[in-house]
Amino acid sequence: MAFIEFKNVSKEYRGEVKVKAVNDCSFKINEGEFVVILGASGAGKTTILNMLGGMDTPTEGQIIVNEKNIHAYDYNELIEYRRHDIGFVFQFYNLVANLTTLENIELACQLSNDALEPRVILKLVGLEDKLNNFPSQLSGGEQQRVAIARAIAKNPKILLCDEPTGALDSKTGQMIIDLLYENCKNMNMTTILITHNARIAEIADKVITIANGQVESIKTKHDRVVEKVIEPTTEEVPKKKKKKKKKKKKPVEVI
Ligand SMILES: Nc1ncnc2c1ncn2[C@@H]1O[C@H](COP(=O)(O)OP(=O)(O)OP(=O)(O)O)[C@@H](O)[C@H]1O
Ligand SMILES: [Mg+2]
């Protein structure tokens with residue numbers, strides 16, 4: 001059984017105008033996988049992540065995590081789930097402005113029974129020199145790394161990242177993606193990442209593409225390797241020509 005399973009999940013926002021943000025989505029994610037969710041703006045990606053993180057509820061369908069339907073959790077169970085099982089990296093960091101880098105991490109660690117050592121994680125993200133800086137004294141990339149360290153330090157089973165590189169330059173963005181990937185594999189921390197950047201998807205174990213609230217495609221690393229092998233038909237043309245030349249030479253040699 002998959003570690004995470006969305007079974008025909010829909011989410012309708014019922015304001016003045018009804019919006020079906022997520023429409024009959026089904027997919028599975030295995031434990032320890034690095035999964036990328038791709039899709040255009042408004043496709044429903046954040047809504048999916050928020051439902052998986054227990055911050056929003058589906059109007060239809062089931063979300064199974066570790067063999068339990070999280071939609072059926074009561075208030076306290078949901079708090080426990082969010083506290084212990086989920087680490088969330090928000091797009092715009094959401095750091096506590098009047099706490100230092102270290103204090104932001106320590107605060108999150110206090111919520112968890114199984115937290116990692118804050119200083120060790122801050123070293124991992126390259127911020128050991130910025131422990132006493134307040135968020136306003138950090139660059140955008142550094143703040144994002146604090147947000148990631150905060151989510152990882154809780155040692156959650158599932159790490160959810162909403163556009164973690166959206167506001168970063170490409171070099172810092174790549175560094176953060178490498179960090180998330182290594183953490184996922186070293187800690188066996190199932191990691192689900194929303195991005196608009198198709199290049200990031202290249203390293204993912206699974207790429208789920210969402211369009212208009214629906215799953216457009218699900219591709220594993222294996223599927224993408226097979227596609228790459230089949231794709232370059234143009235390269236086969238010169239190869240065939242070379243073979244023909246060899247065939248012409250053979251009768252000459254025999255004679
Ligand atoms: N709380 C809400 N109330 C009403 N409509 C909402 C709410 N949250 C999201 N929506 C709508 O649901 C749809 C999907 O939104 P969502 O935030 O999931 O998109 P997204 O794929 O994350 O987009 P982006 O890439 O721009 O972040 C959008 O049309 C959005 O306007
Ligand atoms: Mg979004």
# chains A, B, ... in the order shown; residues from 1 in each chain; ligands from 1
call {"tool": "residues_around", "arguments": {"residues": "region 61-68 of chain A", "least_positions_apart": "3", "cutoff": "7 Å", "atoms": "only C-alpha atoms", "output": "list in words"}}
result
Phe3, Ile4, Glu5, Phe6, Lys7, Asn8, Val9, Ser10, Pro58 and His71 of chain A
call {"tool": "residues_near_ligand", "arguments": {"ligand": "ligand 1", "cutoff": "6 Å", "atoms": "only C-alpha atoms and all ligand atoms", "output": "list in words"}}
result
Tyr13, Val19, Ala21, Ala40, Ser41, Gly42, Ala43, Gly44, Lys45, Thr46 and Thr47 of chain A
call {"tool": "select_by_dssp", "arguments": {"residues": "region 18-163 of chain A", "states": "strand (DSSP E or B)", "output": "number ranges by chain"}}
result
A: 18-29, 34-38, 60-65, 68-69, 86-89, 158-162
call {"tool": "closest_residue", "arguments": {"among": "A:Gln137, A:Gln91, A:Asn212, A:Thr57", "to": "Leu168 (chain A)", "atoms": "only C-alpha atoms"}}
result
A:Gln91
call {"tool": "residues_around", "arguments": {"residues": "Thr172 (chain A)", "least_positions_apart": "4", "cutoff": "12 Å", "atoms": "only C-alpha atoms", "output": "PyMOL selection string"}}
result
chain A and resi 125-126+139-145+164-168+176-179
call {"tool": "closest_residue", "arguments": {"among": "A:Glu103, A:Asp24, A:Glu163, A:Glu182", "to": "ligand 2", "atoms": "only C-alpha atoms and all ligand atoms"}}
result
A:Glu163
call {"tool": "residues_around", "arguments": {"residues": "Asn113 (chain A)", "least_positions_apart": "4", "cutoff": "9 Å", "atoms": "only C-alpha atoms", "output": "tab-separated table (two decimals) with N, CA and C atoms, in the first residue's frame"}}
result
chain	number	residue	atom	x	y	z
A	84	HIS	N	3.48	16.59	14.18
A	84	HIS	CA	4.51	15.54	14.15
A	84	HIS	C	4.80	14.98	12.76
A	109	CYS	N	11.09	23.16	16.90
A	109	CYS	CA	11.54	21.89	17.48
A	109	CYS	C	10.78	21.57	18.77
A	154	LYS	N	12.11	19.70	12.56
A	154	LYS	CA	11.02	19.00	13.26
A	154	LYS	C	11.08	17.50	13.02
